[in-house]
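What follows is the content of final-v1.tsv (TSV, C-alpha atoms).
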chain	number	residue	atom	x	y	z
A	1	MET	CA	0.00	0.00	0.00
A	2	ASN	CA	1.26	3.48	-0.86
A	3	ALA	CA	1.60	5.66	2.21
A	4	ILE	CA	-0.77	8.63	2.46
A	5	ALA	CA	-1.17	11.56	4.81
A	6	TYR	CA	-4.11	13.96	5.15
A	7	HIS	CA	-3.25	17.65	5.38
A	8	LEU	CA	-5.47	20.45	6.62
A	9	ASP	CA	-5.87	23.92	5.19
A	10	PRO	CA	-8.11	25.69	7.72
A	11	LEU	CA	-11.08	27.95	6.97
A	12	HIS	CA	-12.13	25.82	3.99
A	13	GLY	CA	-14.30	23.29	5.78
A	14	LEU	CA	-14.04	19.70	4.66
A	15	ASP	CA	-12.64	20.86	1.33
A	16	GLY	CA	-9.53	21.89	3.23
A	17	LEU	CA	-8.79	18.26	4.13
A	18	THR	CA	-6.76	16.72	1.31
A	19	THR	CA	-4.41	13.77	0.82
A	20	ARG	CA	-0.99	13.33	-0.68
A	21	ALA	CA	1.67	10.64	-0.80
A	22	GLN	CA	3.78	10.19	2.31
A	23	SER	CA	7.32	8.84	2.45
A	24	ILE	CA	8.31	6.77	5.46
A	25	PRO	CA	9.88	9.36	7.79
A	26	GLU	CA	13.32	9.05	9.30
A	27	ALA	CA	13.77	9.28	13.05
A	28	GLY	CA	16.05	12.04	14.25
A	29	PRO	CA	17.83	11.95	17.60
A	30	HIS	CA	15.37	11.16	20.40
A	31	GLN	CA	12.53	10.63	17.94
A	32	VAL	CA	10.31	7.64	17.21
A	33	VAL	CA	8.57	6.72	13.93
A	34	VAL	CA	5.18	5.06	14.40
A	35	ARG	CA	3.09	3.19	11.84
A	36	VAL	CA	-0.41	4.42	12.67
A	37	ARG	CA	-3.15	1.89	13.34
A	38	ALA	CA	-5.99	4.12	14.54
A	39	THR	CA	-6.78	7.75	15.32
A	40	SER	CA	-9.86	9.62	16.51
A	41	LEU	CA	-11.60	12.98	16.37
A	42	ASN	CA	-12.17	15.62	19.04
A	43	ARG	CA	-14.07	18.90	18.93
A	44	ARG	CA	-10.65	20.56	19.00
A	45	ASP	CA	-10.10	19.20	15.48
A	46	THR	CA	-13.22	20.84	14.07
A	47	MET	CA	-12.25	24.09	15.81
A	48	LEU	CA	-8.86	23.90	14.10
A	49	MET	CA	-10.66	23.40	10.82
A	50	ASP	CA	-12.89	26.46	11.25
A	51	GLY	CA	-10.22	28.68	12.81
A	52	THR	CA	-11.72	29.03	16.30
A	53	TYR	CA	-9.14	27.05	18.27
A	54	PRO	CA	-7.02	29.27	20.58
A	55	VAL	CA	-3.68	27.72	19.57
A	56	PRO	CA	-2.36	28.79	16.15
A	57	PHE	CA	-2.59	26.17	13.43
A	58	THR	CA	0.19	25.77	10.92
A	59	PRO	CA	-1.40	25.37	7.47
A	60	ASP	CA	-0.74	22.06	5.73
A	61	THR	CA	-0.16	20.23	9.03
A	62	VAL	CA	-1.33	16.62	9.37
A	63	PRO	CA	-4.30	16.83	11.80
A	64	LEU	CA	-5.51	14.81	14.80
A	65	VAL	CA	-3.84	14.34	18.17
A	66	ASP	CA	-5.34	11.01	19.33
A	67	GLY	CA	-3.73	7.89	17.98
A	68	VAL	CA	-2.10	4.52	18.44
A	69	GLY	CA	0.42	2.59	16.38
A	70	GLU	CA	3.52	0.42	16.20
A	71	VAL	CA	7.07	1.72	16.60
A	72	ILE	CA	9.03	0.98	13.42
A	73	ALA	CA	12.12	3.16	13.81
A	74	LEU	CA	14.12	4.69	16.65
A	75	GLY	CA	16.42	7.69	16.60
A	76	ASP	CA	19.70	7.85	18.47
A	77	GLY	CA	19.38	7.88	22.23
A	78	VAL	CA	15.79	6.66	22.50
A	79	THR	CA	15.06	4.73	25.71
A	80	ARG	CA	11.27	5.20	26.22
A	81	ALA	CA	10.31	2.81	23.41
A	82	ALA	CA	11.51	-0.27	21.53
A	83	LEU	CA	10.86	-1.54	18.02
A	84	GLY	CA	7.47	-3.21	17.85
A	85	ASP	CA	6.00	-1.40	20.86
A	86	ARG	CA	2.36	-0.38	20.62
A	87	VAL	CA	2.31	3.26	21.65
A	88	MET	CA	0.24	6.43	21.86
A	89	GLY	CA	1.44	10.02	21.88
A	90	THR	CA	0.90	12.90	24.27
A	91	TYR	CA	-1.27	15.90	23.44
A	92	PHE	CA	1.49	18.45	24.00
A	93	VAL	CA	4.90	18.00	22.43
A	94	ALA	CA	6.91	18.81	25.56
A	95	TRP	CA	4.70	19.12	28.68
A	96	ASN	CA	5.91	16.16	30.70
A	97	GLY	CA	4.81	17.29	34.15
A	98	GLY	CA	4.86	20.17	36.59
A	99	ARG	CA	3.42	23.60	35.95
A	100	GLN	CA	1.80	24.22	32.60
A	101	THR	CA	3.01	27.30	30.73
A	102	GLN	CA	1.74	29.06	27.65
A	103	ALA	CA	4.88	28.07	25.77
A	104	LEU	CA	4.34	24.39	26.55
A	105	THR	CA	0.64	24.63	25.70
A	106	SER	CA	1.27	26.18	22.30
A	107	GLN	CA	3.13	23.17	20.87
A	108	GLN	CA	0.62	20.47	19.96
A	109	TYR	CA	0.46	17.46	17.66
A	110	GLY	CA	-2.13	17.91	14.94
A	111	ALA	CA	-1.98	21.71	15.21
A	112	ASN	CA	1.58	22.90	14.60
A	113	HIS	CA	3.33	19.50	14.67
A	114	ASN	CA	2.17	16.77	12.30
A	115	GLY	CA	-0.48	14.54	13.85
A	116	TRP	CA	-1.96	11.08	13.39
A	117	LEU	CA	-4.19	11.20	10.28
A	118	ALA	CA	-1.51	9.51	8.18
A	119	ASN	CA	0.17	6.16	7.70
A	120	TYR	CA	3.16	7.35	9.73
A	121	VAL	CA	3.77	9.87	12.50
A	122	VAL	CA	7.01	11.07	14.10
A	123	LEU	CA	6.92	11.55	17.88
A	124	GLU	CA	9.46	13.15	20.10
A	125	GLU	CA	10.71	10.51	22.53
A	126	ASP	CA	9.24	12.35	25.52
A	127	SER	CA	5.82	12.14	23.85
A	128	VAL	CA	5.74	8.34	23.70
A	129	MET	CA	3.13	6.60	25.87
A	130	GLN	CA	2.73	2.86	26.36
A	131	VAL	CA	-0.76	1.42	25.79
A	132	PRO	CA	-2.75	-0.43	28.49
A	133	GLU	CA	-2.56	-4.00	27.20
A	134	HIS	CA	-6.27	-4.83	27.45
A	135	LEU	CA	-7.35	-2.05	25.08
A	136	THR	CA	-7.97	-2.52	21.38
A	137	ASP	CA	-6.35	-0.10	18.94
A	138	GLU	CA	-9.68	1.69	18.52
A	139	GLU	CA	-10.04	2.12	22.28
A	140	ALA	CA	-6.45	3.24	22.78
A	141	ALA	CA	-6.88	5.82	20.05
A	142	ALA	CA	-9.59	7.47	22.14
A	143	LEU	CA	-7.53	8.48	25.17
A	144	THR	CA	-5.12	11.31	24.43
A	145	CYS	CA	-7.51	14.27	24.46
A	146	ALA	CA	-10.96	13.54	25.91
A	147	GLY	CA	-9.83	10.74	28.21
A	148	LEU	CA	-6.94	12.69	29.63
A	149	VAL	CA	-8.73	16.01	30.15
A	150	ALA	CA	-11.51	14.24	32.07
A	151	TRP	CA	-8.88	12.48	34.19
A	152	ALA	CA	-7.03	15.73	34.94
A	153	ALA	CA	-10.33	17.33	35.95
A	154	LEU	CA	-11.02	14.64	38.53
A	155	SER	CA	-7.53	13.79	39.77
A	156	LYS	CA	-6.23	17.31	40.45
A	157	PRO	CA	-5.78	19.32	42.60
A	158	VAL	CA	-7.55	16.94	45.02
A	159	PRO	CA	-8.82	13.68	43.53
A	160	ALA	CA	-12.50	12.81	43.66
A	161	GLY	CA	-13.15	9.81	45.87
A	162	PRO	CA	-15.54	7.75	47.97
A	163	GLY	CA	-18.16	9.76	49.82
A	164	GLU	CA	-18.09	12.53	47.21
A	165	THR	CA	-20.40	13.34	44.32
A	166	VAL	CA	-19.27	14.27	40.81
A	167	LEU	CA	-21.58	16.16	38.46
A	168	THR	CA	-20.92	15.64	34.74
A	169	VAL	CA	-22.46	18.10	32.29
A	170	GLY	CA	-22.46	17.05	28.65
A	171	THR	CA	-22.48	13.68	26.91
A	172	GLY	CA	-19.64	14.15	24.48
A	173	PRO	CA	-16.54	11.99	24.92
A	174	VAL	CA	-15.22	14.17	27.77
A	175	GLY	CA	-18.44	13.78	29.71
A	176	LEU	CA	-18.49	10.02	29.15
A	177	PHE	CA	-14.89	9.63	30.27
A	178	ALA	CA	-15.70	11.75	33.34
A	179	VAL	CA	-18.41	9.26	34.34
A	180	GLN	CA	-16.03	6.32	33.93
A	181	HIS	CA	-13.12	7.99	35.71
A	182	ALA	CA	-15.29	9.16	38.60
A	183	LYS	CA	-16.54	5.61	39.15
A	184	MET	CA	-12.96	4.29	39.04
A	185	LEU	CA	-12.13	6.79	41.78
A	186	GLY	CA	-15.08	5.57	43.89
A	187	ALA	CA	-17.30	8.64	43.63
A	188	ARG	CA	-21.04	8.95	43.14
A	189	VAL	CA	-22.00	10.39	39.74
A	190	ILE	CA	-24.89	12.62	38.71
A	191	SER	CA	-25.05	13.27	34.96
A	192	ILE	CA	-26.95	15.83	32.90
A	193	THR	CA	-28.17	14.78	29.47
A	194	SER	CA	-30.80	15.65	26.87
A	195	SER	CA	-32.70	12.46	25.99
A	196	PRO	CA	-34.05	9.25	27.58
A	197	ASP	CA	-31.83	7.16	25.31
A	198	LYS	CA	-28.67	8.94	26.45
A	199	ALA	CA	-29.87	8.77	30.05
A	200	GLU	CA	-30.14	4.99	29.86
A	201	ARG	CA	-26.70	4.68	28.27
A	202	LEU	CA	-25.19	6.89	30.97
A	203	ARG	CA	-26.69	4.65	33.65
A	204	LYS	CA	-25.18	1.59	31.99
A	205	LEU	CA	-21.85	3.42	31.93
A	206	GLY	CA	-22.01	3.93	35.70
A	207	ALA	CA	-23.92	7.14	36.41
A	208	ASP	CA	-25.87	6.79	39.66
A	209	GLU	CA	-28.47	9.43	38.78
A	210	VAL	CA	-29.23	11.05	35.43
A	211	ILE	CA	-31.25	14.23	34.88
A	212	ASP	CA	-32.78	15.00	31.49
A	213	ARG	CA	-32.40	18.76	31.04
A	214	ARG	CA	-35.31	18.84	28.58
A	215	VAL	CA	-37.64	17.41	31.22
A	216	THR	CA	-35.99	19.32	34.09
A	217	PRO	CA	-34.63	22.59	32.67
A	218	ASP	CA	-33.77	23.87	36.16
A	219	TRP	CA	-31.58	20.84	36.75
A	220	GLU	CA	-29.32	22.63	39.22
A	221	HIS	CA	-32.16	22.48	41.76
A	222	ALA	CA	-32.62	18.76	41.13
A	223	VAL	CA	-28.90	18.20	41.73
A	224	ASN	CA	-29.10	20.05	45.02
A	225	ASP	CA	-32.13	17.97	46.02
A	226	LEU	CA	-30.21	14.76	45.23
A	227	THR	CA	-27.38	15.91	47.50
A	228	GLY	CA	-29.61	16.89	50.41
A	229	GLY	CA	-29.09	20.55	49.65
A	230	ASP	CA	-25.31	20.33	50.01
A	231	GLY	CA	-24.39	20.45	46.31
A	232	VAL	CA	-21.69	18.36	44.66
A	233	GLU	CA	-17.97	18.30	45.47
A	234	HIS	CA	-16.78	18.12	41.85
A	235	VAL	CA	-18.19	19.40	38.55
A	236	VAL	CA	-16.84	18.45	35.14
A	237	GLU	CA	-18.38	21.14	32.93
A	238	ALA	CA	-17.96	19.81	29.40
A	239	VAL	CA	-20.39	22.17	27.67
A	240	GLY	CA	-19.14	25.62	28.63
A	241	LYS	CA	-20.60	29.07	29.21
A	242	LEU	CA	-24.07	27.95	28.21
A	243	THR	CA	-24.47	25.72	31.27
A	244	LEU	CA	-21.76	27.06	33.60
A	245	PRO	CA	-24.15	29.16	35.74
A	246	LYS	CA	-26.24	26.08	36.49
A	247	SER	CA	-23.13	24.02	37.25
A	248	LEU	CA	-21.96	26.67	39.70
A	249	ALA	CA	-25.38	26.71	41.34
A	250	ALA	CA	-25.18	22.92	41.78
A	251	ALA	CA	-21.71	23.08	43.37
A	252	GLY	CA	-21.31	22.71	47.09
A	253	TYR	CA	-19.13	24.55	49.56
A	254	ASN	CA	-15.45	24.52	48.54
A	255	ALA	CA	-16.28	22.49	45.43
A	256	ASN	CA	-13.98	22.04	42.46
A	257	VAL	CA	-15.56	23.12	39.18
A	258	THR	CA	-13.54	22.36	36.07
A	259	LEU	CA	-14.53	24.13	32.87
A	260	ILE	CA	-13.61	22.12	29.78
A	261	GLY	CA	-16.32	22.77	27.23
A	262	ALA	CA	-15.90	25.51	24.66
A	263	TYR	CA	-19.44	25.76	23.33
A	264	PRO	CA	-20.35	29.47	23.21
A	265	ALA	CA	-23.25	30.98	25.14
A	266	PRO	CA	-26.16	32.26	23.02
A	267	ALA	CA	-25.68	35.78	21.70
A	268	GLY	CA	-26.78	38.38	24.21
A	269	GLN	CA	-26.94	36.03	27.21
A	270	GLN	CA	-26.12	37.80	30.47
A	271	GLN	CA	-23.71	35.87	32.69
A	272	GLY	CA	-24.16	37.86	35.91
A	273	ASP	CA	-21.96	36.92	38.86
A	274	PRO	CA	-20.41	33.61	37.68
A	275	LEU	CA	-19.51	32.48	41.21
A	276	GLY	CA	-22.88	33.24	42.74
A	277	GLY	CA	-21.22	34.48	45.92
A	278	LYS	CA	-19.87	31.02	46.71
A	279	TYR	CA	-16.42	29.96	47.89
A	280	LEU	CA	-15.26	27.46	45.31
A	281	THR	CA	-12.45	26.75	42.90
A	282	LEU	CA	-13.18	27.26	39.22
A	283	ARG	CA	-10.48	25.88	36.95
A	284	ARG	CA	-10.13	25.99	33.21
A	285	ILE	CA	-7.68	23.33	32.11
A	286	ALA	CA	-6.00	22.29	28.88
A	287	VAL	CA	-5.84	18.49	28.77
A	288	GLY	CA	-2.93	17.22	30.93
A	289	SER	CA	0.76	16.42	31.13
A	290	ARG	CA	2.59	13.20	30.35
A	291	ALA	CA	2.64	12.48	34.09
A	292	ASP	CA	-1.16	12.87	34.19
A	293	PHE	CA	-1.44	10.53	31.18
A	294	GLU	CA	0.67	7.90	32.93
A	295	GLY	CA	-1.50	8.12	36.05
A	296	MET	CA	-4.67	7.72	34.01
A	297	ASN	CA	-3.30	4.70	32.15
A	298	ARG	CA	-2.38	3.00	35.42
A	299	ALA	CA	-5.96	3.44	36.65
A	300	ILE	CA	-7.42	2.28	33.33
A	301	ALA	CA	-5.23	-0.83	33.36
A	302	GLU	CA	-6.06	-1.59	37.00
A	303	HIS	CA	-9.82	-1.28	36.47
A	304	ARG	CA	-9.74	-2.57	32.88
A	305	MET	CA	-11.88	0.34	31.83
A	306	ARG	CA	-12.83	0.59	28.17
A	307	PRO	CA	-13.59	3.86	26.34
A	308	VAL	CA	-16.94	4.32	24.63
A	309	ILE	CA	-16.67	4.06	20.84
A	310	ASP	CA	-19.58	5.32	18.75
A	311	ARG	CA	-18.46	4.50	15.20
A	312	VAL	CA	-15.34	3.42	13.31
A	313	PHE	CA	-14.47	4.64	9.82
A	314	PRO	CA	-11.75	3.34	7.47
A	315	PHE	CA	-8.85	5.65	6.62
A	316	GLU	CA	-10.12	6.42	3.13
A	317	GLN	CA	-13.37	7.74	4.63
A	318	ALA	CA	-11.75	10.30	6.95
A	319	VAL	CA	-13.77	13.16	5.45
A	320	GLU	CA	-16.98	11.21	6.15
A	321	ALA	CA	-15.75	10.66	9.72
A	322	TYR	CA	-15.37	14.42	10.17
A	323	ARG	CA	-18.83	14.99	8.71
A	324	TYR	CA	-20.41	12.40	10.99
A	325	PHE	CA	-18.60	13.85	14.01
A	326	ASN	CA	-20.05	17.28	13.20
A	327	GLU	CA	-23.56	16.23	12.20
A	328	GLY	CA	-24.30	12.78	13.60
A	329	ASP	CA	-24.60	13.48	17.36
A	330	PRO	CA	-22.22	10.61	18.29
A	331	PHE	CA	-22.33	9.03	21.74
A	332	GLY	CA	-18.66	8.19	22.27
A	333	LYS	CA	-15.57	8.51	20.14
A	334	VAL	CA	-15.46	8.62	16.36
A	335	VAL	CA	-12.44	6.54	15.33
A	336	ILE	CA	-10.58	6.18	12.04
A	337	THR	CA	-8.65	2.94	11.48
A	338	ILE	CA	-5.63	2.66	9.20
A	339	ALA	CA	-4.80	-0.70	7.61
Represent the structure from my file as structure tokens, please.
Amino acid sequence: MNAIAYHLDPLHGLDGLTTRAQSIPEAGPHQVVVRVRATSLNRRDTMLMDGTYPVPFTPDTVPLVDGVGEVIALGDGVTRAALGDRVMGTYFVAWNGGRQTQALTSQQYGANHNGWLANYVVLEEDSVMQVPEHLTDEEAAALTCAGLVAWAALSKPVPAGPGETVLTVGTGPVGLFAVQHAKMLGARVISITSSPDKAERLRKLGADEVIDRRVTPDWEHAVNDLTGGDGVEHVVEAVGKLTLPKSLAAAGYNANVTLIGAYPAPAGQQQGDPLGGKYLTLRRIAVGSRADFEGMNRAIAEHRMRPVIDRVFPFEQAVEAYRYFNEGDPFGKVVITIA
């Protein structure tokens, strides 16, 4: 098979996603060449396409940051991987741990460093992540963005745990991972959704209580009722400004509210006092470090957790995968496999 890579020219919609031949890359010092087996989409990738993502995109870059594959070449000095290893890559090129800085945040695979929508990808050695053995390629390809940001939301600064309640808002991949991670950590989970079908699937995933926002538009009051008026200890807000006021109203004293979603509020909506006079911690985070990724993978391996996959597309149908991700209301990750 001739090697191919997709390249993205932003601000042109799906027409900006084109293919061209790809040569097998060479590994430089402390680099690893990976033959890609699977990759997956995140909302970040559609934001890069339409020019609304906050990190600058380098035109003609190979997109997508989630992926899994087999190591086929090692550069000089590589010790984090061996030939034949099944590996994933980090979200950020060089954030391995410690304090996140703007400089570290600005360097990302699939944005200004070539990503995974290709037959081959080159990773910096520090970006290499080993795959939990029980996961399929499709499942492993779902972790780097949505899985990790949900983990960072619930494991830092103080991990969620037994005796605490986690509220998840949104049923995209981040929200689904938040349910699974919260249950791994031993917490009770209340989830907000928009249909009976999604509610039932959330319960099967582990949510203890599910509130349909279409039936109960003032769901923040229902959450407070379910917690005896105390509110929740942790909120994973995966929608954004549209639902943040309700999430804050459902938060308890000294709660941790993590804002992940980037969906805009309706035009003209008044936000008012976003903290509602409460003492709480509101964080806005950008995925997580390599150290966070390693911690998540240990927990996933221990609990043998499996990501939720909605649909799998073959490599030659990547444009259709993007279209379905945008228009199909998927419940779980949209994955692209590469033969």
Shortest contact to A:Arg37, candidates A:Phe325, A:Phe331, A:Tyr253, A:Trp116, atoms counted all atoms listed in the file, goes to A:Trp116
Expected axis-aligned box over every listed atom of stretch 211-214 of chain A, 6 Å added per side, centre plus edges in Å to one decimal, as JSON:
{"center_x": -33.3, "center_y": 16.5, "center_z": 31.7, "size_x": 16.1, "size_y": 16.6, "size_z": 18.3}
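By all atoms listed in the file, and with residues fewer than 6 positions from stretch 85-96 of chain A along its chain excluded, the set lying at most 7 Å from it is A:Val65, A:Gly67, A:Val68, A:Gly69, A:Glu70, A:Val71, A:Leu104, A:Thr105, A:Gln107, A:Gln108, A:Tyr109, A:Leu123, A:Asp126, A:Ser127, A:Val128, A:Met129, A:Gln130, A:Val131, A:Thr144, A:Cys145, A:Ser289, A:Arg290, A:Ala291.
The space between atom CA of A:Arg35 and atom CA of A:Glu294 spans 21.7 Å.
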Please indicate the distance in Å from atom CA of A:Lys204 to atom CA of A:Gly328, rounded to one decimal place.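 These atoms are spaced 21.5 Å apart.
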One decimal place gives the atom CA of A:Pro245-atom CA of A:Trp151 separation as 22.7 Å
For A:Pro29, which of A:Gly77, A:Pro196, A:Pro157, A:Gly252 is the closest residue, counting all atoms listed in the file?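 Nearest to A:Pro29: A:Gly77.
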Name the closest residue to A:Glu164 among the candidates A:Leu117, A:Asp208, A:Ala146, A:His234; distances are taken between atoms, counting all atoms listed in the file.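 Looking only at the distances to A:Glu164, the closest residue turns out to be A:His234.
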Long-range neighbours of stretch 210-226 of chain A as a PDB file with C-alpha atoms, keeping the file's coordinate frame, 12 Å cut-off, all atoms listed in the file, 6 positions minimum in chain:
ATOM      1  CA  THR A 165     -20.400  13.340  44.320  1.00  0.00           C
ATOM      2  CA  VAL A 166     -19.270  14.270  40.810  1.00  0.00           C
ATOM      3  CA  LEU A 167     -21.580  16.160  38.460  1.00  0.00           C
ATOM      4  CA  THR A 168     -20.920  15.640  34.740  1.00  0.00           C
ATOM      5  CA  VAL A 169     -22.460  18.100  32.290  1.00  0.00           C
ATOM      6  CA  GLY A 170     -22.460  17.050  28.650  1.00  0.00           C
ATOM      7  CA  THR A 171     -22.480  13.680  26.910  1.00  0.00           C
ATOM      8  CA  VAL A 179     -18.410   9.260  34.340  1.00  0.00           C
ATOM      9  CA  ARG A 188     -21.040   8.950  43.140  1.00  0.00           C
ATOM     10  CA  VAL A 189     -22.000  10.390  39.740  1.00  0.00           C
ATOM     11  CA  ILE A 190     -24.890  12.620  38.710  1.00  0.00           C
ATOM     12  CA  SER A 191     -25.050  13.270  34.960  1.00  0.00           C
ATOM     13  CA  ILE A 192     -26.950  15.830  32.900  1.00  0.00           C
ATOM     14  CA  THR A 193     -28.170  14.780  29.470  1.00  0.00           C
ATOM     15  CA  SER A 194     -30.800  15.650  26.870  1.00  0.00           C
ATOM     16  CA  SER A 195     -32.700  12.460  25.990  1.00  0.00           C
ATOM     17  CA  PRO A 196     -34.050   9.250  27.580  1.00  0.00           C
ATOM     18  CA  ASP A 197     -31.830   7.160  25.310  1.00  0.00           C
ATOM     19  CA  LYS A 198     -28.670   8.940  26.450  1.00  0.00           C
ATOM     20  CA  ALA A 199     -29.870   8.770  30.050  1.00  0.00           C
ATOM     21  CA  GLU A 200     -30.140   4.990  29.860  1.00  0.00           C
ATOM     22  CA  ARG A 201     -26.700   4.680  28.270  1.00  0.00           C
ATOM     23  CA  LEU A 202     -25.190   6.890  30.970  1.00  0.00           C
ATOM     24  CA  ARG A 203     -26.690   4.650  33.650  1.00  0.00           C
ATOM     25  CA  LYS A 204     -25.180   1.590  31.990  1.00  0.00           C
ATOM     26  CA  VAL A 232     -21.690  18.360  44.660  1.00  0.00           C
ATOM     27  CA  GLU A 233     -17.970  18.300  45.470  1.00  0.00           C
ATOM     28  CA  VAL A 235     -18.190  19.400  38.550  1.00  0.00           C
ATOM     29  CA  THR A 243     -24.470  25.720  31.270  1.00  0.00           C
ATOM     30  CA  LEU A 244     -21.760  27.060  33.600  1.00  0.00           C
ATOM     31  CA  PRO A 245     -24.150  29.160  35.740  1.00  0.00           C
ATOM     32  CA  LYS A 246     -26.240  26.080  36.490  1.00  0.00           C
ATOM     33  CA  SER A 247     -23.130  24.020  37.250  1.00  0.00           C
ATOM     34  CA  LEU A 248     -21.960  26.670  39.700  1.00  0.00           C
ATOM     35  CA  ALA A 249     -25.380  26.710  41.340  1.00  0.00           C
ATOM     36  CA  ALA A 250     -25.180  22.920  41.780  1.00  0.00           C
ATOM     37  CA  ALA A 251     -21.710  23.080  43.370  1.00  0.00           C
ATOM     38  CA  GLY A 252     -21.310  22.710  47.090  1.00  0.00           C
ATOM     39  CA  TYR A 253     -19.130  24.550  49.560  1.00  0.00           C
TER      40      TYR A 253
END
Counting all atoms listed in the file, which residues sit no farther than 10 Å from the position (5.2, 21.8, 14.5) in the file's frame? I'd like them as a count of residues only. 15
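Those residues that approach A:Pro59 to within 8 Å, counting only C-alpha atoms, are Leu8, Asp9 and Pro10 of chain A; same-chain residues fewer than 6 positions away are not listed.
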How about completing stretch 218-224 of chain A with all heavy atoms and giving it to me as a CSV table (one decimal), in the coordinates of the input?
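Dumped everything to part_26.csv:
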chain,number,residue,atom,x,y,z
A,218,ASP,N,-34.5,23.3,35.0
A,218,ASP,CA,-33.8,23.9,36.2
A,218,ASP,C,-33.1,22.7,36.9
A,218,ASP,O,-33.3,22.5,38.1
A,218,ASP,CB,-34.8,24.6,37.1
A,218,ASP,CG,-35.4,25.8,36.4
A,218,ASP,OD1,-34.7,26.4,35.6
A,218,ASP,OD2,-36.5,26.1,36.7
A,219,TRP,N,-32.2,22.1,36.2
A,219,TRP,CA,-31.6,20.8,36.8
A,219,TRP,C,-30.7,21.1,37.9
A,219,TRP,O,-30.4,20.2,38.7
A,219,TRP,CB,-30.9,20.1,35.7
A,219,TRP,CG,-29.9,20.8,34.8
A,219,TRP,CD1,-30.1,21.3,33.6
A,219,TRP,CD2,-28.5,21.1,35.1
A,219,TRP,NE1,-29.0,21.9,33.0
A,219,TRP,CE2,-28.0,21.8,34.0
A,219,TRP,CE3,-27.7,20.9,36.2
A,219,TRP,CZ2,-26.7,22.3,33.9
A,219,TRP,CZ3,-26.4,21.4,36.2
A,219,TRP,CH2,-25.9,22.1,35.1
A,220,GLU,N,-30.2,22.3,38.1
A,220,GLU,CA,-29.3,22.6,39.2
A,220,GLU,C,-30.1,22.4,40.5
A,220,GLU,O,-29.5,22.0,41.5
A,220,GLU,CB,-28.8,24.0,39.1
A,220,GLU,CG,-29.8,25.2,39.3
A,220,GLU,CD,-30.5,25.5,38.0
A,220,GLU,OE1,-30.6,24.7,37.1
A,220,GLU,OE2,-31.0,26.7,37.9
A,221,HIS,N,-31.4,22.7,40.6
A,221,HIS,CA,-32.2,22.5,41.8
A,221,HIS,C,-32.3,21.0,42.0
A,221,HIS,O,-32.3,20.5,43.2
A,221,HIS,CB,-33.5,23.1,41.6
A,221,HIS,CG,-33.5,24.6,41.4
A,221,HIS,ND1,-32.7,25.5,42.1
A,221,HIS,CD2,-34.1,25.4,40.4
A,221,HIS,CE1,-32.8,26.7,41.7
A,221,HIS,NE2,-33.7,26.7,40.6
A,222,ALA,N,-32.5,20.2,41.0
A,222,ALA,CA,-32.6,18.8,41.1
A,222,ALA,C,-31.3,18.2,41.7
A,222,ALA,O,-31.4,17.3,42.5
A,222,ALA,CB,-33.0,18.1,39.8
A,223,VAL,N,-30.2,18.7,41.2
A,223,VAL,CA,-28.9,18.2,41.7
A,223,VAL,C,-28.8,18.5,43.2
A,223,VAL,O,-28.4,17.7,44.0
A,223,VAL,CB,-27.7,18.8,40.9
A,223,VAL,CG1,-26.4,18.5,41.6
A,223,VAL,CG2,-27.7,18.4,39.5
A,224,ASN,N,-29.2,19.7,43.6
A,224,ASN,CA,-29.1,20.0,45.0
A,224,ASN,C,-30.0,19.2,45.8
A,224,ASN,O,-29.7,18.8,47.0
A,224,ASN,CB,-29.4,21.5,45.2
A,224,ASN,CG,-28.2,22.4,44.9
A,224,ASN,OD1,-27.2,22.3,45.5
A,224,ASN,ND2,-28.4,23.4,44.0
